[in-house]
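Contents: one structure, followed by commentary.
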Amino acid sequence: MPFAPVAPLAQGDRVAVVAPSGPFDRESFDQGLALVAQRYVPVFTDRLYQKHRYLAGTDEARLAELQAAVDDESVRAVFTARGGYGAMRLLPALRLAGRPPRPLVGFSDVTALHAVAQLAGWRSLHGPNLTHLATQPRDVVERLFALLEGRAVPPLAGTTALIPGTAEGPLVGGNLSVFTRLLGTPFLPPRQGALLFLEDVGERPYRLDRMWTHLRLAGALDGLIGLVLGDFNNCEEPGGDYSCLEVLTALAKEIGLPCAAGFPVGHGAVNHPLPLGARVRLNATAARRDFVEPLVEGGTA
């Protein structure tokens with residue numbers, strides 16, 4: 001499936017802020033919002049601050065907010081407040097078909113929304129939620145704006161070549177835990193000829209093995225041409241005589257596709273944004289990923 005580029009943003013554009021998942025810390029949200037407001041005009045209502053148990057409001061309220069954002073053609077991008085849990089509860093009723101593609105920005109639980117964006121043929125932006133943006137170094141923030149506005153960004157380097165080789169195709173994926181929860185649903189993104197990006201946080205190695213093996217046994221890894229592994233933060237076995245990377249290496253060898261790890265993307269201190277749905281070139285031998293297509297129409301890869 002071809003993934004359509006989104007329109008580039010310009011300074012002063014209207015951007016929606018939504019909370020499709022869990023409630024958020026107000027101080028870190030306000031700090032992230034201030035960074036976005038330096039360049040764009042964020043729009044949202046007080047409904048954003050609602051709480052319903054472990055969710056940022058009821059399903060009906062969160063869905064209405066998100067649907068209104070994608071229906072409003074004056075909105076040029078959609079930023080998410082936080083991850084947590086709850087986005088996948090909105091998938092059956094969310095409607096993206098027929099709406100003009102626009103950048104959806106977020107990560108973690110927002111992986112579920114990226115999946116349906118790719119199903120609708122959109123490119124989207126795996127990047128910091130607003131509560132996470134406030135903690136990021138300046139080069140991450142600048143890379144985020146550059147991708148949204150179609151300006152060139154340097155290649156992203158990983159640290160470790162697990163399976164050497166090269167591959168080029170659209171990038172899909174996100175958080176491993178959330179991605180596996182889409183198995184058996186109609187919401188997994190198309191994967192034929194794609195590279196799969198995965199990251200996670202707080203999952204011990206045997207849990208990573210269990211989720212990865214679940215994907216493999218379900219056929220969800222069939223048709224892929226490469227694997228890109230981001231930050232697996234706080235995923236070591238306490239007192240273990242093996243590392244998380246050793247386990248991931250063994251799992252990657254079972255698949256046998258070009259695979260590089262250690263890309264600074266995910267729940268760590270540095271969470272570089274990367275376009276999903278856009279074509280990338282993975283040089284796993286050099287642990288380097290280049291953008292072949294930009295996120296936005298007419299942008300520079």
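Just remember, in the structure tokens the first chain shown is A, the second B, etc., residues are 1-based per chain, and ligands are 1-based in the order shown.
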Exercise for review: List the neighbours of A:Asn283 out to 10 Å using only C-alpha atoms; skip same-chain residues closer than 3 positions along the sequence, and give me the result as a list in words.
Suggested key: Ala157, Ala161, Pro164, Gly165, Thr166, Ala167, Glu168, Gly226, Pro258, Cys259, Ala260, Val280, Ala286, Ala287, Arg288, Arg289 and Asp290 of chain A
Would you save the residues of that selection, restricted to C-alpha atoms, as an mmCIF file, in the first residue's frame?
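Saved the output as selection29.cif:
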data_model
loop_
_atom_site.group_PDB
_atom_site.id
_atom_site.type_symbol
_atom_site.label_atom_id
_atom_site.label_comp_id
_atom_site.auth_asym_id
_atom_site.auth_seq_id
_atom_site.Cartn_x
_atom_site.Cartn_y
_atom_site.Cartn_z
ATOM 1 C CA ALA A 157 22.337 6.289 13.725
ATOM 2 C CA ALA A 161 24.319 -4.203 13.867
ATOM 3 C CA PRO A 164 23.965 -7.216 8.599
ATOM 4 C CA GLY A 165 22.421 -6.234 5.300
ATOM 5 C CA THR A 166 20.377 -3.478 3.718
ATOM 6 C CA ALA A 167 16.665 -2.972 3.144
ATOM 7 C CA GLU A 168 14.477 -0.189 1.796
ATOM 8 C CA GLY A 226 13.975 -5.455 7.817
ATOM 9 C CA PRO A 258 18.625 -7.105 8.240
ATOM 10 C CA CYS A 259 18.371 -5.678 11.752
ATOM 11 C CA ALA A 260 20.068 -2.875 13.650
ATOM 12 C CA VAL A 280 13.503 4.507 4.723
ATOM 13 C CA ALA A 286 26.491 0.282 9.610
ATOM 14 C CA ALA A 287 23.513 0.636 12.013
ATOM 15 C CA ARG A 288 22.263 3.631 10.057
ATOM 16 C CA ARG A 289 18.835 4.604 8.779
ATOM 17 C CA ASP A 290 18.298 7.174 6.025
#
Point to revise | Close residues, stretch 119-124 of chain A itself excluded, 7 Å, only C-alpha atoms, min 4 positions apart in chain, as a list in words | key: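 Selected residues are Pro2, Phe3, Ala4, Pro5, Val6, Leu96, Ala97, Pro101, Pro103, Leu104, Val105, His114, Ala115, Pro189, Pro190, Pro275, Leu276, Gly277, Ala278 and Leu295 of chain A.
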Using C-alpha atoms, can you write the selected residues to a file as a JSON list (two decimals), in the first residue's frame?
[["chain", "number", "residue", "atom", "x", "y", "z"],
["A", 2, "PRO", "CA", 1.38, 3.48, -0.82],
["A", 3, "PHE", "CA", 1.32, 5.89, 2.10],
["A", 4, "ALA", "CA", 0.33, 9.42, 1.15],
["A", 5, "PRO", "CA", 2.51, 12.31, 2.35],
["A", 6, "VAL", "CA", 0.88, 14.95, 4.50],
["A", 96, "LEU", "CA", -9.93, 8.61, 8.93],
["A", 97, "ALA", "CA", -10.99, 7.61, 5.41],
["A", 101, "PRO", "CA", -4.02, 13.29, 5.77],
["A", 103, "PRO", "CA", 0.63, 14.57, 10.76],
["A", 104, "LEU", "CA", -0.35, 12.65, 13.87],
["A", 105, "VAL", "CA", 2.41, 13.12, 16.46],
["A", 114, "HIS", "CA", -0.36, 5.22, 14.01],
["A", 115, "ALA", "CA", -1.51, 1.76, 12.94],
["A", 189, "PRO", "CA", -0.93, -1.85, 9.53],
["A", 190, "PRO", "CA", 0.12, -3.40, 6.20],
["A", 275, "PRO", "CA", 8.10, 9.19, 10.04],
["A", 276, "LEU", "CA", 5.98, 6.08, 9.84],
["A", 277, "GLY", "CA", 4.66, 5.16, 6.41],
["A", 278, "ALA", "CA", 7.54, 6.96, 4.69],
["A", 295, "LEU", "CA", 6.95, 12.91, 5.94]]
Review point. Could you pull the residues within 10 Å of A:Pro92, counting only C-alpha atoms, minus those fewer than 3 positions along the same chain, as a list in words?
Key: Met88, Arg89, Arg95, Val116, Thr185, Pro186 and Phe187 of chain A
Exercise for review: Compile the contact shell of A:Glu203 as a ChimeraX atom specification: residues with an atom at most 12 Å away, counting only C-alpha atoms, same-chain residues fewer than 3 positions apart removed.
Suggested key: /A:175-177,199-200,206-212,231-238,244,267
Restricting it to N, CA and C atoms, dump the selection as an mmCIF file, in the first residue's frame.
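Dumped to part-v6.cif:
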data_model
loop_
_atom_site.group_PDB
_atom_site.id
_atom_site.type_symbol
_atom_site.label_atom_id
_atom_site.label_comp_id
_atom_site.auth_asym_id
_atom_site.auth_seq_id
_atom_site.Cartn_x
_atom_site.Cartn_y
_atom_site.Cartn_z
ATOM 1 N N ASN A 175 5.510 0.930 19.597
ATOM 2 C CA ASN A 175 5.711 0.243 20.864
ATOM 3 C C ASN A 175 5.346 -1.233 20.730
ATOM 4 N N LEU A 176 6.262 -2.118 21.114
ATOM 5 C CA LEU A 176 6.054 -3.553 20.955
ATOM 6 C C LEU A 176 4.818 -4.026 21.712
ATOM 7 N N SER A 177 4.659 -3.600 22.967
ATOM 8 C CA SER A 177 3.524 -4.056 23.772
ATOM 9 C C SER A 177 2.200 -3.694 23.125
ATOM 10 N N GLU A 199 10.066 -0.586 19.878
ATOM 11 C CA GLU A 199 10.705 -0.098 21.100
ATOM 12 C C GLU A 199 9.812 -0.493 22.268
ATOM 13 N N ASP A 200 10.352 -0.410 23.497
ATOM 14 C CA ASP A 200 9.509 -0.690 24.660
ATOM 15 C C ASP A 200 10.192 -0.192 25.929
ATOM 16 N N TYR A 206 12.154 -11.856 29.168
ATOM 17 C CA TYR A 206 11.266 -12.962 28.807
ATOM 18 C C TYR A 206 9.939 -12.447 28.270
ATOM 19 N N ARG A 207 9.514 -11.267 28.727
ATOM 20 C CA ARG A 207 8.281 -10.686 28.197
ATOM 21 C C ARG A 207 8.486 -10.189 26.769
ATOM 22 N N LEU A 208 9.663 -9.602 26.502
ATOM 23 C CA LEU A 208 9.977 -9.210 25.125
ATOM 24 C C LEU A 208 9.965 -10.440 24.217
ATOM 25 N N ASP A 209 10.572 -11.526 24.686
ATOM 26 C CA ASP A 209 10.587 -12.776 23.935
ATOM 27 C C ASP A 209 9.156 -13.246 23.681
ATOM 28 N N ARG A 210 8.315 -13.204 24.707
ATOM 29 C CA ARG A 210 6.943 -13.686 24.573
ATOM 30 C C ARG A 210 6.160 -12.871 23.545
ATOM 31 N N MET A 211 6.305 -11.549 23.599
ATOM 32 C CA MET A 211 5.573 -10.702 22.656
ATOM 33 C C MET A 211 6.104 -10.886 21.237
ATOM 34 N N TRP A 212 7.427 -10.906 21.080
ATOM 35 C CA TRP A 212 8.047 -11.093 19.763
ATOM 36 C C TRP A 212 7.624 -12.435 19.174
ATOM 37 N N ASP A 231 14.866 2.182 21.506
ATOM 38 C CA ASP A 231 15.267 2.133 22.908
ATOM 39 C C ASP A 231 14.413 1.108 23.658
ATOM 40 N N PHE A 232 15.065 0.159 24.308
ATOM 41 C CA PHE A 232 14.366 -0.766 25.209
ATOM 42 C C PHE A 232 14.804 -0.389 26.628
ATOM 43 N N ASN A 233 14.145 0.636 27.128
ATOM 44 C CA ASN A 233 14.534 1.283 28.369
ATOM 45 C C ASN A 233 14.047 0.487 29.584
ATOM 46 N N ASN A 234 14.947 0.279 30.540
ATOM 47 C CA ASN A 234 14.593 -0.415 31.780
ATOM 48 C C ASN A 234 14.050 -1.812 31.487
ATOM 49 N N CYS A 235 14.704 -2.519 30.567
ATOM 50 C CA CYS A 235 14.247 -3.853 30.164
ATOM 51 C C CYS A 235 15.243 -4.951 30.547
ATOM 52 N N GLU A 236 16.145 -4.669 31.460
ATOM 53 C CA GLU A 236 17.100 -5.684 31.869
ATOM 54 C C GLU A 236 16.509 -6.576 32.970
ATOM 55 N N GLU A 237 16.979 -7.814 33.021
ATOM 56 C CA GLU A 237 16.571 -8.745 34.077
ATOM 57 C C GLU A 237 17.369 -8.451 35.346
ATOM 58 N N PRO A 238 16.702 -8.104 36.446
ATOM 59 C CA PRO A 238 17.445 -7.828 37.677
ATOM 60 C C PRO A 238 18.280 -9.037 38.096
ATOM 61 N N CYS A 244 19.366 -7.662 27.836
ATOM 62 C CA CYS A 244 18.226 -7.476 26.942
ATOM 63 C C CYS A 244 18.691 -7.542 25.488
ATOM 64 N N HIS A 267 11.270 5.412 24.828
ATOM 65 C CA HIS A 267 10.975 5.940 26.157
ATOM 66 C C HIS A 267 12.208 6.430 26.914
#
Practice item. Do a neighbour search on A:Leu133 at 10 Å with only C-alpha atoms, toss out local chain neighbours closer than 3 positions, and write the hits as a list in words. Key: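 Near neighbours after the sequence-gap exclusion: Ser28, Phe29, Gln31, Gly32, Leu33, Leu35, Val36, Ala81, Arg82, Gly106, Gly127, Pro128, Asn129, Leu130, Gln136, Pro137, Arg138, Val140, Val141, Leu144, Val270 and Asn271 of chain A.
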Practice item. Please provide as a ChimeraX atom specification all residues within 10 Å of A:Glu73, with the sequence filter that same-chain residues fewer than 5 positions apart are discarded (counting only C-alpha atoms). Key: /A:14,68,99-102
Practice item. Have a look at A:Ala56, A:Leu94, A:Val228, A:Leu215 and name the one nearest to A:Thr160; count only C-alpha atoms. Key: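 Of A:Ala56, A:Leu94, A:Val228, A:Leu215, the one nearest A:Thr160 is A:Val228, counting only C-alpha atoms.
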Practice item. Determine which residues of stretch 32-209 of chain A receive a DSSP assignment of alpha helix (DSSP H), computed from the backbone, and state them as a ChimeraX atom specification. Key: /A:32-37,59-71,111-119,130-133,138-149,176-180,205-209
Please produce a file of the residues just selected, as a tab-separated table (two decimals), in the first residue's frame, where the atoms kept are C-alpha atoms.
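Result saved to again_17.tsv:
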chain	number	residue	atom	x	y	z
A	32	GLY	CA	5.65	20.80	26.08
A	33	LEU	CA	2.72	22.88	24.92
A	34	ALA	CA	4.81	26.04	25.29
A	35	LEU	CA	7.44	24.61	22.91
A	36	VAL	CA	4.81	23.86	20.27
A	37	ALA	CA	3.19	27.28	20.79
A	59	ASP	CA	-14.28	6.84	25.49
A	60	GLU	CA	-17.05	8.98	24.01
A	61	ALA	CA	-15.37	12.23	25.01
A	62	ARG	CA	-11.89	11.19	23.86
A	63	LEU	CA	-13.21	9.89	20.55
A	64	ALA	CA	-15.23	13.05	19.93
A	65	GLU	CA	-12.15	15.18	20.57
A	66	LEU	CA	-9.93	13.13	18.26
A	67	GLN	CA	-12.55	12.83	15.51
A	68	ALA	CA	-13.19	16.58	15.61
A	69	ALA	CA	-9.45	17.18	15.18
A	70	VAL	CA	-9.18	14.99	12.06
A	71	ASP	CA	-12.44	16.36	10.64
A	111	THR	CA	1.13	3.30	18.35
A	112	ALA	CA	-2.48	2.13	17.98
A	113	LEU	CA	-3.42	5.39	16.25
A	114	HIS	CA	-0.36	5.22	14.01
A	115	ALA	CA	-1.51	1.76	12.94
A	116	VAL	CA	-4.93	2.97	11.79
A	117	ALA	CA	-3.30	6.00	10.14
A	118	GLN	CA	-1.18	3.62	8.05
A	119	LEU	CA	-4.28	1.52	7.30
A	130	LEU	CA	3.69	16.86	24.70
A	131	THR	CA	4.42	15.67	28.25
A	132	HIS	CA	7.56	13.95	26.92
A	133	LEU	CA	8.60	16.79	24.62
A	138	ARG	CA	16.87	20.82	21.77
A	139	ASP	CA	18.00	18.82	18.74
A	140	VAL	CA	15.01	16.48	19.16
A	141	VAL	CA	12.61	19.43	19.20
A	142	GLU	CA	14.30	20.95	16.16
A	143	ARG	CA	14.17	17.64	14.30
A	144	LEU	CA	10.46	17.37	15.06
A	145	PHE	CA	9.71	20.79	13.56
A	146	ALA	CA	12.01	20.13	10.57
A	147	LEU	CA	10.17	16.90	9.71
A	148	LEU	CA	6.78	18.58	10.03
A	149	GLU	CA	7.86	21.46	7.81
A	176	LEU	CA	6.05	-3.55	20.96
A	177	SER	CA	3.52	-4.06	23.77
A	178	VAL	CA	0.84	-2.03	22.00
A	179	PHE	CA	1.63	-3.47	18.57
A	180	THR	CA	1.10	-7.03	19.82
A	205	PRO	CA	13.57	-9.95	28.55
A	206	TYR	CA	11.27	-12.96	28.81
A	207	ARG	CA	8.28	-10.69	28.20
A	208	LEU	CA	9.98	-9.21	25.12
A	209	ASP	CA	10.59	-12.78	23.93
**Study point:** Members of stretch 177-224 of chain A assigned strand (DSSP E) by DSSP, as a list in words
**Key:** Leu195, Leu196, Phe197, Leu198, Glu199, Asp200 and Val201 of chain A
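The spacing separating atom CA of A:Arg151 from atom CA of A:Glu297 amounts to 10.9 Å.
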**Study point:** Of the listed residues A:Val201, A:Val75, A:Val15, A:Val43, that which approaches A:Val265 most closely, counting only C-alpha atoms
**Key:**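 With only C-alpha atoms as the atom set, the closest residue is A:Val201.
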